[in-house]
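File shown: model-v6.cif (mmCIF, C-alpha atoms and all ligand atoms).
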data_structure
#
loop_
_atom_site.label_atom_id
_atom_site.label_comp_id
_atom_site.auth_asym_id
_atom_site.auth_seq_id
_atom_site.Cartn_x
_atom_site.Cartn_y
_atom_site.Cartn_z
CA MET A 723 -0.99 65.50 -50.39
CA LYS A 724 0.13 62.00 -51.20
CA ARG A 725 3.70 63.27 -51.17
CA PHE A 726 3.19 64.83 -47.76
CA TRP A 727 1.96 61.54 -46.30
CA SER A 728 4.80 59.50 -47.68
CA LEU A 729 7.29 62.00 -46.25
CA PHE A 730 5.46 61.89 -42.94
CA LEU A 731 5.53 58.10 -42.81
CA CYS A 732 9.19 58.13 -43.76
CA GLY A 733 9.97 60.49 -40.90
CA LEU A 734 7.85 58.44 -38.51
CA SER A 735 9.78 55.27 -39.22
CA LEU A 736 12.92 56.92 -37.87
CA PHE A 737 11.48 56.71 -34.37
CA VAL A 738 10.87 53.64 -32.28
CA TRP A 739 9.18 53.27 -28.95
CA ALA A 740 9.76 51.22 -25.81
CA GLY A 741 8.63 47.62 -26.26
CA ASP A 742 9.08 47.81 -30.04
CA THR A 743 11.14 45.24 -31.85
CA LEU A 744 13.90 47.28 -33.43
CA PHE A 745 14.85 44.58 -35.91
CA GLU A 746 15.18 40.85 -36.38
CA PHE A 747 17.77 39.55 -38.81
CA SER A 748 18.04 35.88 -39.61
CA ASP A 749 21.19 34.00 -40.51
CA PRO A 750 21.39 30.65 -42.36
CA SER A 751 21.86 27.42 -40.37
CA GLY A 752 24.81 25.14 -40.95
CA ASP A 753 27.33 27.86 -41.83
CA ASP A 754 29.43 27.74 -38.65
CA PHE A 755 32.59 27.09 -40.64
CA GLY A 756 33.98 30.58 -41.26
CA ALA A 757 35.08 30.87 -44.87
CA GLY A 758 34.08 27.23 -45.36
CA THR A 759 36.95 25.24 -43.88
CA LEU A 760 36.90 25.78 -40.10
CA LEU A 761 36.61 22.74 -37.84
CA TYR A 762 35.43 22.81 -34.24
CA PRO A 763 37.94 22.07 -31.44
CA SER A 764 37.97 18.41 -30.44
CA SER A 765 37.21 19.30 -26.79
CA PRO A 766 33.82 17.94 -25.61
CA ASP A 767 32.93 21.54 -24.68
CA PHE A 768 32.22 22.24 -28.36
CA GLU A 769 29.94 20.69 -30.93
CA ARG A 770 28.95 21.79 -34.42
CA GLY A 771 25.96 24.07 -34.15
CA ASP A 772 27.08 25.66 -30.85
CA LEU A 773 28.38 28.78 -32.59
CA ASP A 774 25.93 28.70 -35.50
CA LEU A 775 24.11 32.03 -35.35
CA THR A 776 20.52 31.76 -36.58
CA SER A 777 19.17 35.18 -35.68
CA PHE A 778 20.02 38.54 -34.22
CA SER A 779 17.27 40.77 -32.88
CA ALA A 780 16.73 43.77 -30.64
CA GLN A 781 13.94 44.97 -28.43
CA LEU A 782 13.77 48.58 -27.34
CA GLU A 783 13.16 49.28 -23.65
CA LYS A 784 12.72 52.53 -21.77
CA ASP A 785 16.35 52.81 -20.72
CA GLY A 786 18.20 50.73 -23.31
CA VAL A 787 18.06 47.77 -25.68
CA TRP A 788 17.80 44.01 -25.11
CA PHE A 789 19.71 42.33 -27.92
CA THR A 790 19.21 38.60 -28.53
CA VAL A 791 21.48 36.21 -30.40
CA SER A 792 20.08 32.75 -31.20
CA PHE A 793 22.04 29.63 -32.08
CA ARG A 794 21.28 26.31 -33.80
CA ASN A 795 22.17 24.33 -30.64
CA ALA A 796 20.94 25.09 -27.16
CA VAL A 797 23.44 27.32 -25.38
CA ARG A 798 25.95 25.18 -23.50
CA SER A 799 25.98 25.73 -19.75
CA PRO A 800 29.18 25.93 -17.68
CA LYS A 801 27.48 23.91 -14.92
CA THR A 802 29.06 20.48 -14.34
CA ARG A 803 32.22 21.58 -16.20
CA THR A 804 35.57 22.18 -14.58
CA SER A 805 38.48 24.29 -15.70
CA GLU A 806 41.25 22.23 -17.28
CA ILE A 807 43.83 24.70 -16.00
CA SER A 808 42.88 25.24 -12.39
CA GLY A 809 40.46 22.34 -11.85
CA ASP A 810 37.94 24.82 -10.42
CA PRO A 811 34.23 24.63 -11.37
CA LEU A 812 33.73 26.56 -14.62
CA VAL A 813 30.72 28.41 -13.17
CA ASP A 814 33.18 30.20 -10.88
CA ILE A 815 34.74 31.98 -13.82
CA ALA A 816 31.92 31.95 -16.39
CA ARG A 817 29.13 33.34 -14.27
CA TYR A 818 26.59 34.33 -16.89
CA GLY A 819 25.26 30.96 -18.05
CA PHE A 820 27.40 30.45 -21.18
CA PHE A 821 31.09 29.85 -21.73
CA ASN A 822 32.19 28.75 -25.18
CA LEU A 823 31.48 31.72 -27.44
CA ASN A 824 31.89 35.46 -27.98
CA VAL A 825 29.72 37.72 -30.09
CA ASP A 826 31.20 41.03 -31.35
CA ILE A 827 28.73 43.65 -32.55
CA TYR A 828 30.11 46.64 -34.46
CA ILE A 829 27.47 49.32 -34.96
CA ASP A 830 27.56 51.91 -37.73
CA THR A 831 25.27 54.74 -36.66
CA ASP A 832 26.01 57.38 -39.30
CA HIS A 833 26.56 55.53 -42.63
CA GLN A 834 29.35 57.85 -43.64
CA LEU A 835 32.19 56.34 -45.60
CA GLY A 836 35.26 56.22 -43.37
CA SER A 837 33.61 57.99 -40.45
CA GLY A 838 34.31 55.88 -37.38
CA ASN A 839 36.58 52.91 -36.77
CA VAL A 840 37.39 50.00 -39.04
CA GLU A 841 39.57 48.08 -36.61
CA SER A 842 38.04 45.01 -35.00
CA LEU A 843 38.82 43.76 -31.48
CA PRO A 844 42.25 42.12 -31.00
CA GLY A 845 42.69 38.70 -32.58
CA ARG A 846 39.67 38.79 -34.92
CA GLY A 847 41.87 39.06 -38.01
CA VAL A 848 39.28 41.11 -39.91
CA GLU A 849 38.38 44.73 -40.35
CA ILE A 850 35.03 46.39 -40.74
CA ALA A 851 34.42 47.81 -44.23
CA ARG A 852 34.94 51.59 -44.44
CA GLU A 853 31.38 51.84 -45.72
CA ASN A 854 30.27 50.60 -42.29
CA ALA A 855 32.98 52.08 -40.04
CA TRP A 856 31.67 51.73 -36.50
CA GLU A 857 30.85 54.21 -33.76
CA LYS A 858 29.93 51.68 -31.02
CA THR A 859 31.09 48.13 -30.31
CA ILE A 860 29.56 45.58 -27.94
CA LEU A 861 31.41 42.43 -26.89
CA LEU A 862 29.25 39.67 -25.47
CA THR A 863 31.75 37.40 -23.74
CA PRO A 864 31.52 34.94 -20.81
CA ARG A 865 33.91 37.04 -18.67
CA PRO A 866 33.02 40.68 -19.41
CA ARG A 867 34.92 42.27 -16.55
CA GLU A 868 38.11 40.35 -17.30
CA ALA A 869 37.70 41.12 -21.02
CA GLN A 870 37.51 44.81 -20.28
CA SER A 871 40.67 44.85 -18.14
CA LEU A 872 42.49 42.69 -20.66
CA TYR A 873 41.46 45.06 -23.45
CA LEU A 874 42.77 48.06 -21.50
CA ALA A 875 46.03 46.23 -20.77
CA LEU A 876 46.47 45.27 -24.45
CA MET A 877 45.87 48.82 -25.65
CA LYS A 878 48.18 50.22 -23.00
CA GLY A 879 50.84 47.79 -24.21
CA ARG A 880 50.40 49.05 -27.78
CA GLU A 881 50.81 52.67 -26.71
CA LYS A 882 53.84 51.75 -24.66
CA ARG A 883 55.50 50.04 -27.62
CA LYS A 884 54.67 53.01 -29.83
CA LEU A 885 56.07 55.60 -27.42
CA ASP A 886 59.03 53.40 -26.62
CA ARG A 887 61.61 55.57 -24.80
CA ASP A 888 59.15 58.40 -24.23
CA TRP A 889 57.16 56.11 -21.97
CA ASP A 890 57.31 57.05 -18.30
CA ALA A 891 55.09 56.94 -15.22
CA GLN A 892 53.37 60.22 -16.08
CA ARG A 893 52.70 59.06 -19.66
CA ALA A 894 51.41 55.74 -18.39
CA LYS A 895 48.89 57.54 -16.20
CA THR A 896 47.68 59.83 -18.99
CA VAL A 897 47.36 56.95 -21.47
CA ALA A 898 45.47 54.84 -18.92
CA SER A 899 42.91 57.56 -18.25
CA GLU A 900 42.51 58.40 -21.97
CA LEU A 901 41.97 54.74 -22.76
CA GLU A 902 39.41 54.33 -20.01
CA ALA A 903 37.48 57.33 -21.28
CA TRP A 904 37.66 56.03 -24.85
CA VAL A 905 36.43 52.58 -23.83
CA GLU A 906 33.56 54.02 -21.82
CA LYS A 907 32.30 55.89 -24.87
CA ASN A 908 32.98 53.29 -27.57
CA LEU A 909 33.04 49.77 -26.13
CA PHE A 910 30.54 47.94 -24.00
CA PHE A 911 30.89 44.57 -22.24
CA PRO A 912 27.35 43.51 -21.18
CA ASP A 913 26.90 41.89 -17.79
CA LYS A 914 23.11 41.89 -17.65
CA ILE A 915 22.59 38.61 -19.48
CA LYS A 916 19.82 36.01 -19.77
CA VAL A 917 20.35 32.56 -21.27
CA ARG A 918 17.23 30.66 -22.37
CA GLY A 919 17.39 27.57 -24.57
CA HIS A 920 19.01 28.61 -27.83
CA ASP A 921 19.06 32.32 -26.97
CA ILE A 922 21.37 34.69 -25.17
CA SER A 923 19.85 38.11 -24.44
CA PHE A 924 21.91 40.99 -23.13
CA PHE A 925 21.08 44.51 -22.10
CA VAL A 926 22.86 47.61 -23.38
CA PRO A 927 21.85 50.85 -21.63
CA SER A 928 20.98 53.98 -23.56
CA SER A 929 23.64 55.82 -21.54
CA PHE A 930 26.10 53.95 -23.78
CA LEU A 931 24.08 53.38 -26.94
CA GLY A 932 22.05 56.56 -27.22
CA GLN A 933 18.68 56.40 -29.00
CA PRO A 934 18.88 53.57 -31.56
CA LYS A 935 17.66 54.29 -35.10
CA PRO A 936 16.09 51.64 -37.31
CA ASP A 937 18.66 52.28 -40.03
CA TRP A 938 21.81 51.53 -38.01
CA GLY A 939 24.14 48.92 -39.50
CA TYR A 940 25.36 45.88 -37.54
CA ALA A 941 28.41 43.71 -38.24
CA VAL A 942 28.09 40.64 -35.99
CA LEU A 943 30.91 38.11 -35.53
CA VAL A 944 30.80 34.83 -33.59
CA SER A 945 34.02 33.32 -32.27
CA GLY A 946 35.16 30.66 -29.80
CA ALA A 947 35.81 32.00 -26.29
CA ASP A 948 39.24 31.46 -24.83
CA LEU A 949 37.98 31.57 -21.27
CA GLU A 950 41.20 31.10 -19.45
CA GLN A 951 43.44 33.10 -21.70
CA SER A 952 44.54 35.35 -18.89
CA VAL A 953 45.80 32.35 -16.95
CA ASN A 954 47.17 30.37 -19.89
CA HIS A 955 50.90 30.89 -19.72
CA GLY A 956 51.17 29.76 -23.35
CA PHE A 957 50.34 33.28 -24.42
CA LEU A 958 53.04 34.85 -22.29
CA GLY A 959 55.50 34.43 -25.12
CA GLN A 960 53.35 36.04 -27.81
CA LYS A 961 53.59 39.66 -28.84
CA GLU A 962 49.93 40.48 -28.48
CA PRO A 963 47.23 37.95 -27.68
CA GLY A 964 43.68 38.26 -28.96
CA LEU A 965 40.85 39.36 -26.72
CA MET A 966 39.25 36.24 -25.21
CA ILE A 967 39.25 34.59 -28.64
CA MET A 968 40.32 31.10 -29.71
CA GLY A 969 42.75 31.11 -32.57
CA LEU A 970 43.30 28.65 -35.40
CA ALA A 971 45.77 25.81 -35.62
CA ASP A 972 46.54 23.01 -38.03
CA GLY A 973 44.56 19.81 -37.74
CA ARG A 974 41.92 19.44 -35.07
CA PRO A 975 43.30 20.76 -31.77
CA ARG A 976 41.49 20.45 -28.48
CA TRP A 977 41.34 24.11 -27.54
CA GLN A 978 41.57 25.91 -30.85
CA PHE A 979 39.61 25.84 -34.05
CA GLY A 980 41.16 23.72 -36.75
CA ILE A 981 41.14 24.01 -40.52
CA GLN A 982 40.74 21.48 -43.25
CA PRO A 983 44.01 20.32 -44.86
CA ASP A 984 45.43 22.71 -47.48
CA SER A 985 43.46 25.69 -46.26
CA ASP A 986 45.05 28.95 -45.21
CA LEU A 987 46.04 29.47 -41.57
CA PHE A 988 45.85 33.21 -42.15
CA GLN A 989 42.08 33.05 -42.40
CA PRO A 990 40.30 34.79 -39.53
CA PRO A 991 39.10 32.69 -36.55
CA ILE A 992 35.53 33.88 -37.09
CA VAL A 993 33.17 30.91 -37.00
CA ASP A 994 29.94 32.56 -38.13
CA LEU A 995 28.84 36.07 -38.99
CA LEU A 996 25.59 37.82 -39.72
CA ALA A 997 24.90 37.68 -43.47
CA ASN A 998 21.72 36.59 -45.15
CA ASP A 999 23.49 34.23 -47.48
CA VAL A 1000 26.29 31.74 -47.01
CA ALA A 1001 28.09 32.71 -50.22
CA LEU A 1002 28.42 36.27 -48.94
CA GLN A 1003 29.87 35.06 -45.63
CA LYS A 1004 32.45 32.92 -47.45
CA LYS A 1005 33.32 35.79 -49.76
CA MET A 1006 33.82 38.25 -46.88
CA LEU A 1007 36.02 35.87 -44.90
CA SER A 1008 38.15 34.71 -47.82
CA HIS A 1009 38.68 38.00 -49.68
CA TYR A 1010 42.07 39.03 -48.29
CA ASN A 1011 45.77 38.98 -48.94
CA ARG A 1012 48.95 39.82 -47.07
CA GLU A 1013 48.18 43.52 -47.12
CA GLN A 1014 44.43 43.53 -46.82
CA LEU A 1015 42.48 41.96 -43.98
CA PRO A 1016 39.08 40.44 -44.77
CA LYS A 1017 36.46 43.20 -44.76
CA ILE A 1018 33.18 42.69 -43.00
CA PHE A 1019 30.12 44.56 -44.18
CA ALA A 1020 27.31 45.43 -41.79
CA VAL A 1021 23.70 44.33 -42.19
CA ARG A 1022 21.18 47.17 -42.23
CA SER A 1023 18.04 45.73 -43.67
CA GLU A 1024 17.10 42.54 -45.45
CA LYS A 1025 16.70 44.49 -48.66
CA MET A 1026 20.05 46.24 -48.79
CA ALA A 1027 22.19 45.94 -51.90
CA PRO A 1028 24.94 43.30 -51.67
CA PRO A 1029 28.40 44.76 -50.98
CA ILE A 1030 30.84 45.14 -53.85
CA PHE A 1031 34.27 43.60 -53.44
CA ALA A 1032 37.18 45.40 -55.05
CA ASP A 1033 39.63 43.20 -56.93
CA LEU A 1034 42.71 42.28 -54.94
CA PRO A 1035 45.98 42.40 -56.89
CA LYS A 1036 46.66 38.82 -58.01
CA ALA A 1037 50.39 38.96 -57.30
CA LYS A 1038 49.70 39.38 -53.62
CA LEU A 1039 47.33 36.51 -53.37
CA GLU A 1040 50.04 33.93 -52.91
CA ALA A 1041 49.66 34.57 -49.16
CA LYS A 1042 49.56 30.93 -48.26
CA ALA A 1043 50.59 30.64 -44.65
CA THR A 1044 52.19 27.50 -43.48
CA ALA A 1045 53.42 28.03 -39.96
CA GLN A 1046 51.98 31.30 -38.67
CA PRO A 1047 49.70 30.17 -35.88
CA THR A 1048 47.67 33.36 -35.46
CA PRO A 1049 45.87 35.63 -37.91
CA PRO A 1050 47.63 38.88 -38.86
CA ALA A 1051 47.52 41.37 -36.01
CA PRO A 1052 45.67 44.63 -36.61
CA ALA A 1053 48.07 47.27 -37.89
CA GLU A 1054 49.62 49.41 -35.19
CA THR A 1055 49.31 52.41 -37.49
CA GLN A 1056 45.57 52.61 -36.99
CA PRO A 1057 44.97 54.82 -33.98
CA ARG A 1058 42.87 53.27 -31.26
CA VAL A 1059 42.56 56.37 -29.14
CA ALA A 1060 40.58 59.29 -30.57
CA PRO A 1061 40.28 57.68 -34.02
CA LYS A 1062 39.91 59.93 -37.02
CA PRO A 1063 38.33 59.23 -40.40
CA GLU A 1064 40.80 57.32 -42.51
CA PRO A 1065 42.02 59.33 -45.50
CA GLU A 1066 41.69 57.74 -48.93
CA ASN A 1067 45.44 57.20 -49.17
CA ALA A 1068 45.83 55.92 -45.61
CA GLN A 1069 48.81 53.74 -44.94
CA LYS A 1070 48.07 50.10 -45.64
CA PRO A 1071 48.42 47.68 -42.74
CA GLU A 1072 51.87 46.20 -42.41
CA PRO A 1073 52.02 42.72 -43.91
CA PRO A 1074 52.30 40.16 -41.15
CA PRO A 1075 55.80 38.84 -40.65
CA GLN A 1076 56.88 35.73 -42.52
CA ALA A 1077 56.19 32.57 -40.63
CA ALA A 1078 58.84 32.79 -37.96
CA PRO A 1079 58.24 30.70 -34.86
CA ALA A 1080 57.96 32.83 -31.71
CA PRO A 1081 61.21 32.58 -29.77
CA THR A 1082 60.95 30.46 -26.67
CA LYS A 1083 60.88 32.67 -23.62
CA SER A 1084 63.30 32.07 -20.81
CA VAL A 1085 61.92 31.07 -17.44
CA ALA A 1086 62.96 34.46 -16.06
CA ASP A 1087 61.05 36.30 -18.83
CA ARG A 1088 57.96 34.20 -18.27
CA LEU A 1089 58.10 34.87 -14.53
CA ARG A 1090 58.44 38.60 -15.17
CA GLU A 1091 55.43 38.58 -17.51
CA LEU A 1092 53.44 36.59 -15.00
CA GLU A 1093 54.35 39.13 -12.32
CA GLN A 1094 53.11 41.90 -14.65
CA LEU A 1095 49.78 40.11 -15.18
CA ARG A 1096 49.30 39.95 -11.43
CA LYS A 1097 50.20 43.64 -11.12
CA ASP A 1098 47.67 44.53 -13.83
CA GLY A 1099 45.03 42.62 -11.93
CA LEU A 1100 44.49 40.16 -14.79
CA ILE A 1101 45.05 37.08 -12.64
CA SER A 1102 44.24 36.29 -9.04
CA GLU A 1103 46.80 35.49 -6.39
CA ASP A 1104 45.75 31.87 -6.58
CA GLU A 1105 46.17 31.71 -10.37
CA TYR A 1106 49.50 33.48 -9.99
CA GLN A 1107 50.84 30.89 -7.56
CA LYS A 1108 49.64 27.94 -9.70
CA LEU A 1109 51.20 29.34 -12.88
CA ARG A 1110 54.40 30.27 -11.09
CA ALA A 1111 54.75 26.69 -9.90
CA LYS A 1112 54.08 25.49 -13.47
CA ILE A 1113 56.79 27.71 -14.95
CA LEU A 1114 59.32 26.73 -12.28
CA ASN A 1115 58.52 23.13 -13.07
CA ASP A 1116 60.01 23.66 -16.53
CA LEU A 1117 63.45 24.37 -15.03
CA CA B 1201 24.54 30.69 -39.11
#
Write the structure described by the file as structure tokens, please.
Amino acid sequence: MKRFWSLFLCGLSLFVWAGDTLFEFSDPSGDDFGAGTLLYPSSPDFERGDLDLTSFSAQLEKDGVWFTVSFRNAVRSPKTRTSEISGDPLVDIARYGFFNLNVDIYIDTDHQLGSGNVESLPGRGVEIARENAWEKTILLTPRPREAQSLYLALMKGREKRKLDRDWDAQRAKTVASELEAWVEKNLFFPDKIKVRGHDISFFVPSSFLGQPKPDWGYAVLVSGADLEQSVNHGFLGQKEPGLMIMGLADGRPRWQFGIQPDSDLFQPPIVDLLANDVALQKKMLSHYNREQLPKIFAVRSEKMAPPIFADLPKAKLEAKATAQPTPPAPAETQPRVAPKPEPENAQKPEPPPQAAPAPTKSVADRLRELEQLRKDGLISEDEYQKLRAKILNDL
């Protein structure tokens, strides 16, 4: 009889009801330094503590879930700020009450090794551990609509490069509709958002998420938001920009995260992540080499066993970057559309190229890329004209 009751209670705990708190995970304070050496941008729009995650919780509602991320500092408001690029009020582009951070949430719903995706969003420079391969991803970002179109444009670009000469108008159409369908099922960009004090809450409907189970795993990454990426012509020369994320640079730049002297520029630009101890966060973000991106493990419950890190071959650990300004790009070999479980002997990601400075683009190339951005709907007519004038100025 005792056995029956414990089985019954076990089964019961797999269900949650509207109004229930699904979970509340806490994260240590004072660890908003990535692997230990990240420095905040020198811009007054950032201060230590802004991106310091202190808890992640979820409340079940009738038709979805309200997730809440809390930070050590009160959430910074875009009110009274102006864009350094266009001079427009920041509230015009960051309309949801916050502007300087992104939170990525990768959810593992089935706990099957290798079932799901391990690739993170562009520019994160990490992958999700195969043990926690994700089925659903949520990106909380100050410009969700723009992030979604930028994501689609980036993925379309990847497919185009892959298909190369086989790319034509018909192919472009098919790829675009496949990508849209894939994004609708797998990625969500919340736009129902409440900012209160230190908290940002955001709603994710059950039409996307399904019925959440208490044993789902969550990998949560906090990064700096590059708000005006789509209008920053600096990225026009790069192969593939990140998705609304600030990268790393030497020293203490104004609009990027810096690193302490002698630390590795290849480290991921992740400022904080959900892990119940700081040592584990440092380990996850620093355990990588040229062929292996840092692996992020999901949090499932406070009592779960700590992840085990496989030894990395020592010979490959000399990956000390000196001039590569961005973290290694996710390997193109990992399929983004209709992903399949990764076989044990899957091809390793290509090592990032040796630190070669990106070639300076000609004015004509930059104008063509700008034209493409306008065509893709990533910039407004006004932004287009301003940037065009800027580029022509360089002549
Ligand atoms: Ca923290």
List every residue of chain A that has an atom at most 7 Å from any atom of ligand CA 1201 (chain B), and for each one report the closest atom pair and its distance in Å to one decimal, counting all atoms listed in the file, with rows sorted by chain and then by increasing residue number, as JSON lines.
{"residue": "A:Asp749", "atom": "CA", "partner": "B:CA1201", "partner_atom": "CA", "distance": 4.9}
{"residue": "A:Pro750", "atom": "CA", "partner": "B:CA1201", "partner_atom": "CA", "distance": 4.5}
{"residue": "A:Ser751", "atom": "CA", "partner": "B:CA1201", "partner_atom": "CA", "distance": 4.4}
{"residue": "A:Gly752", "atom": "CA", "partner": "B:CA1201", "partner_atom": "CA", "distance": 5.9}
{"residue": "A:Asp753", "atom": "CA", "partner": "B:CA1201", "partner_atom": "CA", "distance": 4.8}
{"residue": "A:Asp754", "atom": "CA", "partner": "B:CA1201", "partner_atom": "CA", "distance": 5.7}
{"residue": "A:Asp774", "atom": "CA", "partner": "B:CA1201", "partner_atom": "CA", "distance": 4.4}
{"residue": "A:Leu775", "atom": "CA", "partner": "B:CA1201", "partner_atom": "CA", "distance": 4.0}
{"residue": "A:Thr776", "atom": "CA", "partner": "B:CA1201", "partner_atom": "CA", "distance": 4.9}
{"residue": "A:Asp994", "atom": "CA", "partner": "B:CA1201", "partner_atom": "CA", "distance": 5.8}
{"residue": "A:Leu995", "atom": "CA", "partner": "B:CA1201", "partner_atom": "CA", "distance": 6.9}
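When CA of Tyr1106 (chain A) is paired with CA of Ala898 (chain A), their separation reads 23.5 Å.
Near Leu1109 (chain A), within a cut-off of 10 Å and counting all atoms listed in the file, sit the residues Ile807, Ser808, Val953, Asn954, His955, Arg1088, Leu1089, Leu1092, Ile1101, Glu1103, Asp1104, Glu1105, Tyr1106, Lys1112, Ile1113, Leu1114 and Asn1115 of chain A, with same-chain residues fewer than 3 positions away left out.
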Practice task
Find the residues around Trp788 (chain A) up to 7 Å (only C-alpha atoms counted), leave out those fewer than 3 positions away in its own chain, and share them as a VMD selection string.
Solution key: chain A and resid 780 to 782 923 to 926
Problem - Shell of 10 Å around Pro844 (chain A), all atoms listed in the file, local chain residues under 5 positions omitted, as number ranges by chain - result: A: 873, 876-877, 962-967, 1051-1052
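Residues in contact range of region 996-1009 of chain A, defined as at most 8 Å between all atoms listed in the file, with sequence neighbours fewer than 6 positions away removed, read Ser748, Asp749, Pro750, Asp753, Gly756, Ala757, Gly758, Leu775, Phe778, Val848, Ala941, Val942, Leu943, Gln989, Pro990, Leu1015, Pro1016, Lys1017, Ile1018, Phe1019, Val1021, Glu1024 and Leu1034 of chain A.
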6 Å per side around region 778-785 of chain A: axis-aligned box centre and edge lengths, as lines of an AutoDock Vina configuration file:
center_x = 16.4
center_y = 45.7
center_z = -27.5
size_x = 19.3
size_y = 26.3
size_z = 25.5
Exercise for the section: Provide the CA of Leu1100 (chain A) to CA of Pro864 (chain A) distance in Å, to one decimal place. Expected result: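 Here the two named atoms are 15.2 Å from each other.
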Practice task
Just give me the gap between CA of Leu823 (chain A) and CA of Ala875 (chain A) in Å, one decimal is fine.
Solution key: 21.6 Å
Practice task
Find, counting only C-alpha atoms, the residue in A:Tyr828, A:Phe789, A:Tyr762, A:Trp856 that gets nearest to Ala971 (chain A).
Solution key: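 Of A:Tyr828, A:Phe789, A:Tyr762, A:Trp856, the one nearest Ala971 (chain A), counting only C-alpha atoms, is A:Tyr762.
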Problem - Among listed residues A:Leu901, A:Val787, A:Ile1030, A:Leu1095, nearest Gln933 (chain A) (using all atoms listed in the file) - result: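 Going through A:Leu901, A:Val787, A:Ile1030, A:Leu1095 one by one, the smallest distance to Gln933 (chain A) is for A:Val787.
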Exercise for the section: Find the residue from A:Glu950, A:Glu1013, A:Gly879, A:Asp832 that sits nearest to Gln1094 (chain A); use only C-alpha atoms when measuring. Expected result: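 Among the listed residues, A:Gly879 lies closest to Gln1094 (chain A).
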Problem - Which residue of A:Ser899, A:Ser985, A:Thr802, A:Ser929 approaches Leu761 (chain A) most closely, using only C-alpha atoms - result: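 Going through A:Ser899, A:Ser985, A:Thr802, A:Ser929 one by one, the smallest distance to Leu761 (chain A) is for A:Ser985.
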Problem - Residue nearest Ala796 (chain A) - candidates A:Phe768, A:Trp904, A:Phe930, A:Phe979, atoms counted: only C-alpha atoms - result: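 Of all the options, A:Phe768 lies closest to Ala796 (chain A).
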Kindly write C-alpha atoms of region 819-866 of chain A from the structure just given to a file, as a PDB file, in the first residue's frame.
ATOM      1  CA  GLY A 819      10.814  48.812 -20.711  1.00  0.00           C
ATOM      2  CA  PHE A 820      14.365  47.397 -20.857  1.00  0.00           C
ATOM      3  CA  PHE A 821      17.202  47.765 -23.333  1.00  0.00           C
ATOM      4  CA  ASN A 822      20.623  46.542 -22.271  1.00  0.00           C
ATOM      5  CA  LEU A 823      20.276  42.771 -21.957  1.00  0.00           C
ATOM      6  CA  ASN A 824      19.103  39.551 -23.596  1.00  0.00           C
ATOM      7  CA  VAL A 825      18.119  36.323 -21.884  1.00  0.00           C
ATOM      8  CA  ASP A 826      18.255  33.067 -23.897  1.00  0.00           C
ATOM      9  CA  ILE A 827      16.335  30.108 -22.483  1.00  0.00           C
ATOM     10  CA  TYR A 828      16.990  26.679 -24.003  1.00  0.00           C
ATOM     11  CA  ILE A 829      14.486  24.108 -22.784  1.00  0.00           C
ATOM     12  CA  ASP A 830      15.114  20.368 -22.729  1.00  0.00           C
ATOM     13  CA  THR A 831      11.728  18.681 -22.529  1.00  0.00           C
ATOM     14  CA  ASP A 832      12.637  15.027 -23.070  1.00  0.00           C
ATOM     15  CA  HIS A 833      16.010  14.425 -21.313  1.00  0.00           C
ATOM     16  CA  GLN A 834      17.233  12.173 -24.076  1.00  0.00           C
ATOM     17  CA  LEU A 835      20.908  12.317 -24.876  1.00  0.00           C
ATOM     18  CA  GLY A 836      21.336  14.001 -28.252  1.00  0.00           C
ATOM     19  CA  SER A 837      17.613  14.337 -28.922  1.00  0.00           C
ATOM     20  CA  GLY A 838      17.031  17.943 -29.929  1.00  0.00           C
ATOM     21  CA  ASN A 839      19.381  20.785 -30.785  1.00  0.00           C
ATOM     22  CA  VAL A 840      22.714  21.689 -29.260  1.00  0.00           C
ATOM     23  CA  GLU A 841      23.332  24.840 -31.257  1.00  0.00           C
ATOM     24  CA  SER A 842      22.818  28.138 -29.461  1.00  0.00           C
ATOM     25  CA  LEU A 843      21.581  31.360 -31.084  1.00  0.00           C
ATOM     26  CA  PRO A 844      24.073  33.164 -33.360  1.00  0.00           C
ATOM     27  CA  GLY A 845      26.983  34.872 -31.618  1.00  0.00           C
ATOM     28  CA  ARG A 846      26.673  33.135 -28.222  1.00  0.00           C
ATOM     29  CA  GLY A 847      29.868  31.148 -28.767  1.00  0.00           C
ATOM     30  CA  VAL A 848      28.599  28.194 -26.712  1.00  0.00           C
ATOM     31  CA  GLU A 849      26.640  25.041 -27.308  1.00  0.00           C
ATOM     32  CA  ILE A 850      24.122  23.283 -25.138  1.00  0.00           C
ATOM     33  CA  ALA A 851      25.360  19.960 -23.730  1.00  0.00           C
ATOM     34  CA  ARG A 852      24.024  16.922 -25.617  1.00  0.00           C
ATOM     35  CA  GLU A 853      22.630  15.692 -22.312  1.00  0.00           C
ATOM     36  CA  ASN A 854      20.324  18.725 -22.396  1.00  0.00           C
ATOM     37  CA  ALA A 855      19.763  19.156 -26.144  1.00  0.00           C
ATOM     38  CA  TRP A 856      16.840  21.546 -26.480  1.00  0.00           C
ATOM     39  CA  GLU A 857      13.401  21.276 -28.031  1.00  0.00           C
ATOM     40  CA  LYS A 858      12.263  24.891 -27.433  1.00  0.00           C
ATOM     41  CA  THR A 859      14.163  28.174 -27.192  1.00  0.00           C
ATOM     42  CA  ILE A 860      12.917  31.535 -25.935  1.00  0.00           C
ATOM     43  CA  LEU A 861      14.818  34.766 -26.570  1.00  0.00           C
ATOM     44  CA  LEU A 862      13.910  37.667 -24.309  1.00  0.00           C
ATOM     45  CA  THR A 863      15.338  40.678 -26.115  1.00  0.00           C
ATOM     46  CA  PRO A 864      14.455  44.404 -26.180  1.00  0.00           C
ATOM     47  CA  ARG A 865      13.490  44.259 -29.892  1.00  0.00           C
ATOM     48  CA  PRO A 866      11.725  40.908 -30.359  1.00  0.00           C
TER      49      PRO A 866
END
